[in-house]
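Asks: Structure file target.cif, mmCIF, C-alpha atoms, is pasted below:
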```cif
data_upload
#
loop_
_atom_site.label_atom_id
_atom_site.label_comp_id
_atom_site.auth_asym_id
_atom_site.auth_seq_id
_atom_site.Cartn_x
_atom_site.Cartn_y
_atom_site.Cartn_z
CA MET A 134 108.10 298.00 -7.51
CA SER A 135 110.23 296.10 -5.05
CA LYS A 136 111.40 292.60 -5.86
CA GLN A 137 109.41 289.80 -4.25
CA ARG A 138 111.75 288.05 -1.86
CA LYS A 139 111.97 284.29 -1.68
CA ALA A 140 112.59 282.15 1.38
CA VAL A 141 113.00 278.46 1.93
CA ALA A 142 111.49 277.04 5.12
CA LEU A 143 112.82 273.94 6.82
CA ILE A 144 109.67 271.87 7.18
CA SER A 145 109.78 269.02 9.67
CA GLY A 146 106.06 268.34 9.53
CA GLY A 147 105.51 269.71 13.02
CA LEU A 148 103.59 272.77 14.13
CA ASP A 149 106.50 275.16 14.72
CA SER A 150 107.95 275.05 11.22
CA MET A 151 104.43 275.29 9.83
CA LEU A 152 103.76 278.46 11.83
CA ALA A 153 107.16 279.95 10.98
CA ALA A 154 106.55 279.47 7.25
CA LYS A 155 103.02 280.84 7.50
CA THR A 156 104.22 283.92 9.42
CA ILE A 157 106.56 284.82 6.58
CA MET A 158 104.08 283.96 3.82
CA GLU A 159 101.66 286.39 5.46
CA GLN A 160 104.21 289.14 4.82
CA GLY A 161 104.08 288.55 1.09
CA VAL A 162 107.32 286.60 0.81
CA HIS A 163 107.35 283.64 -1.60
CA VAL A 164 108.07 280.62 0.59
CA GLU A 165 108.89 277.07 -0.46
CA GLY A 166 109.53 274.22 1.92
CA ILE A 167 112.48 271.89 2.18
CA ASN A 168 112.59 268.62 4.07
CA PHE A 169 115.69 266.51 4.55
CA PHE A 170 115.43 262.72 4.68
CA THR A 171 118.23 261.39 6.87
CA GLY A 172 116.93 257.83 6.98
CA PHE A 173 116.04 258.17 10.66
CA CYS A 174 112.83 260.15 10.44
CA VAL A 175 110.93 257.01 9.69
CA GLU A 176 107.70 257.40 11.61
CA GLY A 177 105.64 256.01 8.75
CA HIS A 178 107.80 252.98 8.18
CA THR A 179 106.42 250.84 10.97
CA HIS A 180 102.99 251.51 9.52
CA ALA A 181 104.17 250.45 6.09
CA ILE A 182 105.74 247.27 7.45
CA ARG A 183 103.33 246.04 10.09
CA ALA A 184 100.34 244.08 8.81
CA ASN A 185 97.91 245.68 11.28
CA ASP A 186 98.88 249.19 10.23
CA LYS A 187 98.89 248.66 6.47
CA ALA A 188 95.22 249.53 6.14
CA LYS A 189 95.83 252.97 7.63
CA PRO A 190 99.15 254.17 6.18
CA LYS A 191 100.53 257.22 7.89
CA ARG A 192 100.64 260.44 5.96
CA ASN A 193 103.90 262.26 5.44
CA ASN A 194 103.53 265.27 7.72
CA SER A 195 105.87 267.52 5.79
CA LEU A 196 103.88 266.99 2.59
CA TRP A 197 100.69 267.56 4.51
CA VAL A 198 102.00 270.82 5.98
CA ALA A 199 103.10 272.03 2.55
CA GLU A 200 99.68 271.29 1.15
CA GLN A 201 97.96 273.12 4.01
CA LEU A 202 100.16 276.15 3.37
CA GLY A 203 99.83 275.95 -0.41
CA MET A 204 103.55 275.88 -0.99
CA LYS A 205 105.96 273.67 -2.88
CA LEU A 206 108.02 271.17 -0.92
CA HIS A 207 111.40 269.81 -1.88
CA ILE A 208 112.32 266.54 -0.19
CA VAL A 209 116.05 265.95 -0.25
CA ASP A 210 117.77 262.61 0.29
CA VAL A 211 120.74 263.27 2.62
CA ILE A 212 121.21 259.70 3.84
CA GLU A 213 124.84 259.45 2.73
CA GLU A 214 125.96 262.90 3.89
CA TYR A 215 124.17 262.51 7.20
CA LYS A 216 126.39 259.59 8.21
CA ASP A 217 129.19 261.93 9.14
CA VAL A 218 126.82 263.98 11.32
CA LEU A 219 125.73 260.90 13.22
CA ILE A 220 129.13 259.24 13.47
CA ASN A 221 131.21 262.31 14.31
CA PRO A 222 128.99 264.92 15.94
CA LYS A 223 131.15 267.89 16.90
CA HIS A 224 128.69 268.92 19.60
CA GLY A 225 127.98 265.40 20.86
CA TYR A 226 124.80 263.45 21.39
CA GLY A 227 121.66 264.24 23.34
CA ALA A 228 120.05 261.82 25.78
CA HIS A 229 120.42 259.00 23.25
CA MET A 230 122.14 258.85 19.86
CA ASN A 231 120.56 262.10 18.71
CA PRO A 232 123.14 264.62 17.49
CA CYS A 233 120.49 267.36 17.50
CA LEU A 234 122.71 270.43 17.36
CA ASP A 235 124.97 269.05 14.62
CA CYS A 236 121.85 267.89 12.80
CA LYS A 237 120.37 271.39 12.84
CA ILE A 238 123.66 272.91 11.69
CA PHE A 239 123.86 270.34 8.89
CA MET A 240 120.31 270.99 7.70
CA VAL A 241 120.63 274.77 7.78
CA ASN A 242 123.91 274.41 5.87
CA LYS A 243 122.14 272.28 3.24
CA ALA A 244 119.39 274.90 3.05
CA LYS A 245 122.03 277.60 2.58
CA GLN A 246 123.47 275.65 -0.36
CA TRP A 247 119.95 275.26 -1.73
CA ILE A 248 119.11 278.98 -1.65
CA VAL A 249 122.37 279.79 -3.44
CA GLU A 250 121.65 277.22 -6.16
CA ASN A 251 118.01 278.27 -6.54
CA ASP A 252 118.35 282.04 -6.20
CA PHE A 253 116.38 282.37 -2.97
CA ASP A 254 117.06 285.10 -0.43
CA PHE A 255 116.90 283.61 3.05
CA ILE A 256 116.13 280.63 5.27
CA ILE A 257 113.35 280.13 7.82
CA THR A 258 113.23 277.64 10.67
CA GLY A 259 110.63 277.00 13.34
CA GLU A 260 113.19 277.16 16.14
CA VAL A 261 112.14 278.64 19.48
CA ILE A 262 114.64 279.56 22.18
CA GLY A 263 114.35 277.12 25.05
CA GLN A 264 112.05 274.72 23.20
CA ARG A 265 114.53 271.85 23.02
CA PRO A 266 117.19 271.11 25.63
CA MET A 267 120.05 270.50 23.22
CA SER A 268 119.52 272.29 19.95
CA GLN A 269 117.16 275.15 20.73
CA ARG A 270 118.75 277.19 23.47
CA LYS A 271 119.77 280.85 23.56
CA ALA A 272 123.42 279.80 23.38
CA THR A 273 122.94 277.48 20.40
CA MET A 274 121.07 279.91 18.16
CA PRO A 275 124.20 281.81 17.05
CA ILE A 276 126.15 278.53 16.80
CA VAL A 277 123.67 277.16 14.27
CA ALA A 278 123.72 280.40 12.27
CA ARG A 279 127.50 280.64 12.29
CA GLU A 280 128.54 277.02 11.81
CA SER A 281 125.96 276.40 9.09
CA GLY A 282 127.33 279.33 7.12
CA ALA A 283 123.83 280.83 6.93
CA ASP A 284 124.76 283.64 9.36
CA ASP A 285 122.19 286.42 9.22
CA LEU A 286 120.30 284.84 6.34
CA LEU A 287 118.77 282.54 8.94
CA LEU A 288 115.49 283.91 10.29
CA ARG A 289 113.55 282.30 13.14
CA PRO A 290 110.15 284.00 12.89
CA LEU A 291 108.77 282.50 16.11
CA CYS A 292 111.50 283.93 18.35
CA ALA A 293 113.07 286.61 16.13
CA LYS A 294 112.31 289.42 18.58
CA ASN A 295 114.50 287.71 21.16
CA LEU A 296 117.43 287.63 18.76
CA PRO A 297 119.48 290.26 16.90
CA ALA A 298 117.87 291.46 13.68
CA THR A 299 118.80 289.36 10.65
CA LEU A 300 119.43 290.61 7.13
CA PRO A 301 115.81 290.07 5.97
CA GLU A 302 114.67 292.24 8.90
CA ARG A 303 117.32 294.94 8.47
CA GLU A 304 116.68 295.18 4.75
CA GLY A 305 112.93 295.36 5.26
CA TRP A 306 112.20 292.15 3.35
CA VAL A 307 110.14 291.23 6.40
CA ASP A 308 108.64 293.43 9.10
CA ARG A 309 110.32 292.56 12.40
CA GLU A 310 107.35 293.96 14.30
CA LYS A 311 105.16 291.22 12.86
CA LEU A 312 107.52 288.48 14.04
CA HIS A 313 107.30 286.82 17.44
CA ASN A 314 109.09 286.51 20.77
CA PHE A 315 108.24 282.97 21.84
CA SER A 316 110.55 281.27 24.31
CA GLY A 317 110.54 278.26 26.57
CA ARG A 318 108.92 274.87 26.39
CA SER A 319 105.30 276.01 26.58
CA ARG A 320 103.28 275.13 23.50
CA LYS A 321 100.49 277.55 24.37
CA PRO A 322 101.59 280.45 22.11
CA GLN A 323 101.97 278.10 19.17
CA MET A 324 98.56 276.58 19.78
CA GLU A 325 97.00 280.03 19.97
CA MET A 326 98.68 281.06 16.75
CA ALA A 327 97.54 277.83 15.08
CA GLU A 328 93.99 278.71 16.07
CA GLN A 329 94.36 282.21 14.63
CA PHE A 330 95.52 280.76 11.33
CA GLY A 331 92.71 278.21 11.37
CA PHE A 332 94.99 275.19 11.71
CA ASP A 333 92.87 272.78 13.71
CA GLU A 334 94.98 269.75 12.88
CA TYR A 335 98.73 269.35 13.14
CA ALA A 336 101.30 266.72 14.05
CA GLN A 337 101.87 266.01 17.73
CA PRO A 338 104.43 265.99 19.13
CA ALA A 339 105.90 268.70 16.98
CA GLY A 340 108.20 267.11 14.44
CA GLY A 341 109.37 264.45 16.86
CA CYS A 342 109.78 261.58 14.45
CA CYS A 343 113.54 261.01 14.68
CA PHE A 344 114.32 257.49 15.82
CA LEU A 345 117.67 258.61 17.17
CA THR A 346 115.84 260.17 20.12
CA ASP A 347 114.41 256.76 20.98
CA ALA A 348 116.22 254.83 23.73
CA SER A 349 115.49 251.38 22.36
CA TYR A 350 116.48 252.28 18.81
CA SER A 351 119.68 253.97 20.02
CA SER A 352 120.65 250.86 22.02
CA LYS A 353 120.31 248.75 18.90
CA LEU A 354 122.43 251.17 16.90
CA VAL A 355 125.19 251.17 19.53
CA ASP A 356 125.04 247.38 19.66
CA LEU A 357 125.37 247.20 15.87
CA TRP A 358 128.48 249.36 15.88
CA LYS A 359 129.99 247.44 18.78
CA ALA A 360 129.39 244.11 17.02
CA ARG A 361 131.22 245.47 14.00
CA ASP A 362 134.31 246.17 16.10
CA GLY A 363 133.55 249.85 16.31
CA ASP A 364 133.06 250.36 12.58
CA LYS A 365 130.26 252.91 12.58
CA GLN A 366 129.44 252.84 8.91
CA TYR A 367 125.87 251.85 8.11
CA ASP A 368 123.47 251.71 5.20
CA LEU A 369 119.76 252.26 4.87
CA ASP A 370 119.03 248.55 5.35
CA ASP A 371 120.79 248.71 8.72
CA VAL A 372 118.67 251.70 9.66
CA MET A 373 115.49 249.90 8.65
CA LEU A 374 116.29 246.57 10.26
CA LEU A 375 116.99 248.20 13.61
CA LYS A 376 113.34 249.14 13.81
CA VAL A 377 111.91 245.81 12.75
CA GLY A 378 111.46 242.76 14.97
CA ARG A 379 112.84 241.63 18.29
CA HIS A 380 116.65 241.83 18.42
CA ILE A 381 118.43 239.17 20.47
CA ARG A 382 122.22 238.92 20.75
CA PRO A 383 123.39 235.74 22.54
CA GLU A 384 127.04 236.33 21.57
CA GLN A 385 129.12 239.15 20.15
CA ASN A 386 129.47 237.36 16.80
CA PHE A 387 125.77 236.99 15.95
CA LYS A 388 122.31 238.27 16.67
CA LEU A 389 118.78 237.27 15.73
CA ILE A 390 116.05 239.49 14.36
CA VAL A 391 112.73 237.80 15.13
CA ALA A 392 109.63 239.01 13.27
CA ARG A 393 106.92 240.00 15.72
CA GLU A 394 104.00 239.76 13.36
CA GLU A 395 103.03 238.89 9.79
CA GLY A 396 103.95 242.23 8.22
CA GLU A 397 107.41 242.18 9.75
CA GLY A 398 107.84 238.60 8.53
CA ARG A 399 107.01 239.68 4.98
CA PHE A 400 109.41 242.58 5.24
CA LEU A 401 112.24 240.37 6.50
CA GLN A 402 111.61 237.93 3.61
CA GLY A 403 113.18 240.58 1.40
CA TYR A 404 116.52 240.04 3.16
CA LYS A 405 116.80 236.28 2.59
CA LYS A 406 119.74 236.66 0.23
CA GLU A 407 121.69 238.81 2.67
CA PHE A 408 121.19 236.84 5.90
CA ILE A 409 120.91 233.29 7.16
CA THR A 410 117.19 232.79 7.84
CA MET A 411 115.31 230.36 10.05
CA ASN A 412 111.74 229.25 10.54
CA SER A 413 109.97 226.32 12.12
CA THR A 414 108.58 223.75 9.68
CA THR A 415 106.55 221.70 12.15
CA HIS A 416 104.78 224.62 13.82
CA ALA A 417 103.68 228.09 12.78
CA GLY A 418 106.22 230.69 13.79
CA PRO A 419 108.18 233.77 12.84
CA LEU A 420 110.83 234.27 10.22
CA VAL A 421 114.17 234.93 11.88
CA LEU A 422 117.23 236.60 10.37
CA VAL A 423 120.63 235.67 11.76
CA ASP A 424 123.12 238.51 11.45
CA GLY A 425 126.87 238.03 11.87
CA SER A 426 129.13 234.98 11.66
CA PRO A 427 127.56 232.22 13.73
CA SER A 428 129.25 228.86 14.28
CA ALA A 429 127.33 225.58 13.94
CA GLU A 430 126.80 225.66 17.70
CA ASP A 431 125.51 229.23 17.48
CA LEU A 432 123.05 228.22 14.78
CA TYR A 433 121.73 225.44 17.01
CA LEU A 434 121.16 227.98 19.77
CA ALA A 435 119.54 230.38 17.28
CA ALA A 436 117.22 227.57 16.17
CA ARG A 437 116.16 227.00 19.78
CA ILE A 438 115.30 230.69 20.07
CA THR A 439 113.42 230.56 16.75
CA ALA A 440 111.40 227.62 18.07
CA ARG A 441 110.64 229.47 21.29
CA TYR A 442 108.80 232.22 19.40
CA GLY A 443 106.62 229.80 17.40
CA GLN A 444 103.53 227.77 18.21
CA GLY A 445 105.80 224.87 19.16
CA ARG A 446 107.24 226.71 22.13
CA ASP A 447 105.91 224.05 24.54
CA ALA A 448 106.75 221.07 22.32
CA GLU A 449 109.53 218.65 23.16
CA GLN A 450 110.99 218.98 19.68
CA VAL A 451 110.58 221.42 16.81
CA ASP A 452 111.98 221.18 13.29
CA VAL A 453 113.74 224.37 12.24
CA ASN A 454 114.72 225.07 8.67
CA ILE A 455 117.97 226.95 8.19
CA MET A 456 118.50 228.69 4.86
CA SER A 457 121.93 230.00 3.93
CA LYS A 458 122.45 233.16 1.90
CA ASP A 459 123.07 231.03 -1.21
CA GLY A 460 119.64 229.42 -0.83
CA SER A 461 120.84 226.01 0.43
CA GLU A 462 118.65 224.59 3.18
CA ARG A 463 118.78 222.06 5.97
CA THR A 464 116.52 221.16 8.85
CA ILE A 465 117.54 220.50 12.43
CA GLN A 466 115.54 219.30 15.42
CA VAL A 467 115.72 221.36 18.57
CA LYS A 468 114.09 221.72 21.94
CA PRO A 469 112.70 225.26 22.24
CA PHE A 470 114.05 227.55 24.90
CA GLY A 471 111.69 227.87 27.86
CA THR A 472 109.92 231.20 28.30
CA GLU A 473 112.23 232.29 31.09
CA GLU A 474 115.37 230.63 29.77
CA ILE A 475 116.51 233.39 27.43
CA PRO A 476 118.63 235.77 29.55
CA GLN A 477 117.33 239.34 29.62
CA ALA A 478 120.82 240.54 28.79
CA TRP A 479 120.47 239.02 25.32
CA PHE A 480 117.63 241.35 24.42
CA ILE A 481 118.92 244.54 22.82
CA MET B 236 105.39 263.34 -24.99
CA SER B 237 107.04 260.29 -23.46
CA ARG B 238 106.06 257.75 -20.84
CA GLU B 239 108.63 256.48 -18.38
CA LEU B 240 108.54 253.76 -15.74
CA LEU B 241 110.01 254.11 -12.27
CA ASN B 242 110.50 251.02 -10.15
CA ALA B 243 110.16 252.08 -6.50
CA ARG B 244 109.36 248.63 -5.12
CA ARG B 245 110.69 247.85 -1.61
CA LEU B 246 111.33 251.53 -0.94
CA LEU B 247 109.51 253.01 2.01
CA CYS B 248 108.17 256.57 2.08
CA PRO B 249 109.43 259.16 1.56
CA LEU B 250 111.94 257.45 -0.75
CA PRO B 251 109.38 256.69 -3.49
CA VAL B 252 108.42 260.38 -3.39
CA ILE B 253 112.07 261.45 -3.58
CA ARG B 254 112.75 259.10 -6.50
CA THR B 255 109.60 260.38 -8.23
CA GLN B 256 110.66 263.98 -7.64
CA ASP B 257 114.15 263.30 -9.03
CA LYS B 258 112.77 261.51 -12.09
CA VAL B 259 110.21 264.24 -12.81
CA LYS B 260 113.05 266.79 -12.90
CA GLN B 261 114.40 264.96 -15.95
CA LEU B 262 111.04 264.98 -17.77
CA ARG B 263 109.20 267.64 -19.74
CA VAL B 264 105.76 269.15 -19.28
CA GLY B 265 103.16 266.68 -20.55
CA ASP B 266 105.38 263.62 -20.11
CA GLN B 267 103.92 260.75 -18.11
CA LEU B 268 105.56 258.75 -15.37
CA GLU B 269 104.39 255.39 -14.05
CA VAL B 270 105.68 254.72 -10.52
CA VAL B 271 105.37 251.18 -9.16
CA CYS B 272 105.70 250.83 -5.38
CA THR B 273 105.09 248.37 -2.56
CA ASP B 274 104.61 250.88 0.29
CA PRO B 275 100.89 251.71 0.54
CA GLY B 276 101.86 255.14 1.92
CA VAL B 277 102.52 256.26 -1.66
CA MET B 278 98.79 256.34 -2.29
CA HIS B 279 98.72 259.40 0.02
CA ASP B 280 102.16 260.81 -0.49
CA ILE B 281 102.70 260.84 -4.26
CA PRO B 282 99.30 262.43 -5.01
CA ALA B 283 100.00 265.01 -2.23
CA TRP B 284 103.41 265.72 -3.73
CA CYS B 285 101.81 266.08 -7.18
CA ARG B 286 99.15 268.48 -5.91
CA ILE B 287 101.63 270.83 -4.25
CA ASN B 288 104.04 270.75 -7.17
CA GLY B 289 101.54 271.18 -9.99
CA HIS B 290 101.54 267.69 -11.48
CA LYS B 291 98.46 265.64 -12.31
CA VAL B 292 97.71 262.13 -11.09
CA LEU B 293 96.08 260.25 -13.96
CA GLU B 294 95.64 256.92 -12.21
CA ALA B 295 96.31 255.35 -8.82
CA ILE B 296 95.96 251.58 -8.86
CA SER B 297 96.28 249.10 -5.99
CA SER B 298 96.68 245.47 -6.95
CA ASP B 299 98.31 242.39 -5.39
CA GLY B 300 100.37 244.34 -2.88
CA GLU B 301 101.64 246.79 -5.47
CA TYR B 302 100.66 250.41 -5.81
CA THR B 303 100.98 252.13 -9.17
CA ILE B 304 100.64 255.86 -9.70
CA ILE B 305 100.58 257.31 -13.20
CA LEU B 306 101.20 261.04 -13.28
CA GLU B 307 101.51 263.72 -15.88
CA VAL B 308 104.23 266.31 -15.44
CA GLY B 309 102.86 269.84 -15.03
CA GLU B 310 104.42 273.27 -15.36
#
```
Produce structure tokens that represent the structure in this file.

Replies:
Amino acid sequence: MSKQRKAVALISGGLDSMLAAKTIMEQGVHVEGINFFTGFCVEGHTHAIRANDKAKPKRNNSLWVAEQLGMKLHIVDVIEEYKDVLINPKHGYGAHMNPCLDCKIFMVNKAKQWIVENDFDFIITGEVIGQRPMSQRKATMPIVARESGADDLLLRPLCAKNLPATLPEREGWVDREKLHNFSGRSRKPQMEMAEQFGFDEYAQPAGGCCFLTDASYSSKLVDLWKARDGDKQYDLDDVMLLKVGRHIRPEQNFKLIVAREEGEGRFLQGYKKEFITMNSTTHAGPLVLVDGSPSAEDLYLAARITARYGQGRDAEQVDVNIMSKDGSERTIQVKPFGTEEIPQAWFI
Amino acid sequence: MSRELLNARRLLCPLPVIRTQDKVKQLRVGDQLEVVCTDPGVMHDIPAWCRINGHKVLEAISSDGEYTIILEVGE
């Protein structure tokens, strides 16, 4: 009796990786999923933070996919290791700060390490030639296999017939004839296959939860690095704060993060010991974090902005409480900025 | 059989799941783990993670902005 082969599937939570894993499971291979948490695939976080979304928390799509397929899922924290991928991408960035090709190489490399440690035989991804402009092209397929170190242990079931046979195919662990030849950006073949497998629900767009592909988020990240004199190190709090609130930078040495609603305000409360915070005491208004090294004059300006986003925006004078990181407080009186007075260039 | 506590407050999903997964690796079959979180997403995610990995959710409690899951480690 031949040995049952074992594969690990990179599961993003999207349809393609789901179909790729299912295709191989159908051939009798034992498949388990692996999902890497870089800190940037944070689709559910806005739901967890924002008050209006709390009642309907977003499911984790990779867990959902694993449950639909009846397979185990290993979620791996790669936040620290991923920094080097983001800061020094060998193959550069996509349209924004997304280092998609380096990211894929990194994840396949991590999967390769995982199969060695866990005695699995090969790796599956949901890649399709031509599906993504940067990381899923004919030319990039061998780059990912080679630079990840996975080489011919990397099987792409959805487009395998368009690629040279990998070890699992040559050794007969999987039947190449039952693999697929998808290519291009069309989603039609995937949707047809989903229907055949009885998957009537799946994440849309496929796996697209990475905030680094978002223009607004990328601008804030670049601004953060620039404000730190080009030091590109970051931590998870930086990653989180870039997606919370309205970010306003009047000067290079400081910026404001203004809560946009109650849930964001509660979330920012958790950072009171790490930032100077402001809020109006005479009118209802948002909690504001002040990041950087503001002068007394800067704080006065920040207080005027804080007042502008509260109910006292039309008042002649608003009291604004300023709390230092050590908990000491003082109140100043300011005239709120007018609606049109804050230069657009300050908004990140 | 032991019972351990995991503080996953202020962590947003999937970090509470990852911390749970890492803690469970250190436990034995039949041990219990109480995970206390502030992200409501754990009420979906930790039970889903338990189902696919063969662990049993004994209780899932929501109270005063905290979400507590008590699970029993399976095979």

Asks: Which is closest to B:Gly300 among B:Val271, B:Val264, B:Ile287, B:Met236, if we use only C-alpha atoms?

Replies: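 Among the listed residues, the smallest separation from B:Gly300 belongs to B:Val271.
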
Asks: Report, in Å with one decimal, the straight-line distance from atom CA of A:Ala417 to atom CA of A:Gly443.

Replies: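 Going from atom CA of A:Ala417 over to atom CA of A:Gly443, I get 5.7 Å.
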
Asks: Which residues, named as in the file, does the PyMOL selection byres ((chain B) within 9 of (chain A)) pick out? Answer as a PDB file with C-alpha atoms, in the coordinates of the input.

Replies:
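In the end it all went to result.pdb:
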```pdb
ATOM      1  CA  ARG B 245     110.690 247.850  -1.610  1.00  0.00           C
ATOM      2  CA  LEU B 247     109.510 253.010   2.010  1.00  0.00           C
ATOM      3  CA  CYS B 248     108.170 256.570   2.080  1.00  0.00           C
ATOM      4  CA  PRO B 249     109.430 259.160   1.560  1.00  0.00           C
ATOM      5  CA  LEU B 250     111.940 257.450  -0.750  1.00  0.00           C
ATOM      6  CA  VAL B 252     108.420 260.380  -3.390  1.00  0.00           C
ATOM      7  CA  ILE B 253     112.070 261.450  -3.580  1.00  0.00           C
ATOM      8  CA  GLN B 256     110.660 263.980  -7.640  1.00  0.00           C
ATOM      9  CA  THR B 273     105.090 248.370  -2.560  1.00  0.00           C
ATOM     10  CA  ASP B 274     104.610 250.880   0.290  1.00  0.00           C
ATOM     11  CA  PRO B 275     100.890 251.710   0.540  1.00  0.00           C
ATOM     12  CA  GLY B 276     101.860 255.140   1.920  1.00  0.00           C
ATOM     13  CA  VAL B 277     102.520 256.260  -1.660  1.00  0.00           C
ATOM     14  CA  MET B 278      98.790 256.340  -2.290  1.00  0.00           C
ATOM     15  CA  HIS B 279      98.720 259.400   0.020  1.00  0.00           C
ATOM     16  CA  ASP B 280     102.160 260.810  -0.490  1.00  0.00           C
ATOM     17  CA  ALA B 283     100.000 265.010  -2.230  1.00  0.00           C
ATOM     18  CA  TRP B 284     103.410 265.720  -3.730  1.00  0.00           C
ATOM     19  CA  ARG B 286      99.150 268.480  -5.910  1.00  0.00           C
ATOM     20  CA  ILE B 287     101.630 270.830  -4.250  1.00  0.00           C
ATOM     21  CA  ASN B 288     104.040 270.750  -7.170  1.00  0.00           C
ATOM     22  CA  GLY B 289     101.540 271.180  -9.990  1.00  0.00           C
TER      23      GLY B 289
END
```

Asks: Decode the PyMOL selection byres ((chain A and resi 349) around 12) for the given file into explicit residues and return them as number ranges by chain.

Replies: A: 228-230, 344-348, 350-356, 375-377, 379-380, 480-481

Asks: Which residues match the PyMOL selection byres ((chain A and resi 316-324) around 6) in the file above, as a PyMOL selection string?

Replies: chain A and resi 261-264+315+325-327

Asks: Could those selected residues go to a file with C-alpha atoms, as a PDB file, in the coordinates of the input?

Replies:
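Generated file (again_8.pdb):
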```
ATOM      1  CA  VAL A 261     112.140 278.640  19.480  1.00  0.00           C
ATOM      2  CA  ILE A 262     114.640 279.560  22.180  1.00  0.00           C
ATOM      3  CA  GLY A 263     114.350 277.120  25.050  1.00  0.00           C
ATOM      4  CA  GLN A 264     112.050 274.720  23.200  1.00  0.00           C
ATOM      5  CA  PHE A 315     108.240 282.970  21.840  1.00  0.00           C
ATOM      6  CA  GLU A 325      97.000 280.030  19.970  1.00  0.00           C
ATOM      7  CA  MET A 326      98.680 281.060  16.750  1.00  0.00           C
ATOM      8  CA  ALA A 327      97.540 277.830  15.080  1.00  0.00           C
TER       9      ALA A 327
END
```

Asks: Measure the distance from atom CA of A:Glu449 to atom CA of A:Lys468 in Å and round it to one decimal.

Replies: 5.6 Å

Asks: How many Å lie between atom CA of A:Ile144 and atom CA of A:Met240, rounded to one decimal?

Replies: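 Here the two named atoms are 10.7 Å from each other.
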
Asks: Quick one: everything within 10 Å of A:Glu213, counting all atoms listed in the file, minus sequence neighbours fewer than 5 positions away in the same chain. Send it as a list in words.

Replies: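 Within the cut-off, the hits are Thr171, Gly172, Val218, Tyr367, Asp368 and Leu369 of chain A.
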
Asks: Please identify all polymer residues within 9 Å of A:Leu420, counting all atoms listed in the file, omitting same-chain residues fewer than 2 positions from it, and present them as a list in words.

Replies: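 Result of the neighbour search: Ile390, Val391, Ala392, Arg393, Glu397, Gly398, Arg399, Leu401, Gln402, Thr410, Met411, Asn412, Ser413, Gly418, Leu422 and Thr439 of chain A.
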
Asks: Mind writing the picked residues with C-alpha atoms as an mmCIF file, in the frame of the given file?

Replies:
```
data_model
loop_
_atom_site.group_PDB
_atom_site.id
_atom_site.type_symbol
_atom_site.label_atom_id
_atom_site.label_comp_id
_atom_site.auth_asym_id
_atom_site.auth_seq_id
_atom_site.Cartn_x
_atom_site.Cartn_y
_atom_site.Cartn_z
ATOM 1 C CA ILE A 390 116.050 239.490 14.360
ATOM 2 C CA VAL A 391 112.730 237.800 15.130
ATOM 3 C CA ALA A 392 109.630 239.010 13.270
ATOM 4 C CA ARG A 393 106.920 240.000 15.720
ATOM 5 C CA GLU A 397 107.410 242.180 9.750
ATOM 6 C CA GLY A 398 107.840 238.600 8.530
ATOM 7 C CA ARG A 399 107.010 239.680 4.980
ATOM 8 C CA LEU A 401 112.240 240.370 6.500
ATOM 9 C CA GLN A 402 111.610 237.930 3.610
ATOM 10 C CA THR A 410 117.190 232.790 7.840
ATOM 11 C CA MET A 411 115.310 230.360 10.050
ATOM 12 C CA ASN A 412 111.740 229.250 10.540
ATOM 13 C CA SER A 413 109.970 226.320 12.120
ATOM 14 C CA GLY A 418 106.220 230.690 13.790
ATOM 15 C CA LEU A 422 117.230 236.600 10.370
ATOM 16 C CA THR A 439 113.420 230.560 16.750
#
```

Asks: Extract, using only C-alpha atoms, all DNA, RNA and protein residues at most 10 Å from A:Arg361, discarding same-chain residues fewer than 6 positions from it, and format them as JSON, numbers by chain.

Replies: {"A": [355, 385, 386, 425]}

Asks: Would you pick out the contacts of B:Leu241 at 12 Å or less, using only C-alpha atoms, so that residues sharing its chain but fewer than 3 positions from it are not included, and give the list as a list in words?

Replies: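 The residues that qualify are Arg238, Arg244, Leu246, Pro251, Val252, Ile253, Arg254, Thr255, Gln256, Asp257, Lys258, Val259, Gln267, Leu268, Glu269, Val270, Val271, Cys272, Tyr302, Thr303, Ile304, Ile305 and Leu306 of chain B.
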
Asks: Let me make sure I understand: among A:Val211, A:Ala336, A:Val453, A:Leu286, which one has the smallest atom-to-atom distance to A:Val141 if we use all atoms listed in the file?

Replies: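 Using all atoms listed in the file, the shortest distance to A:Val141 belongs to A:Leu286.
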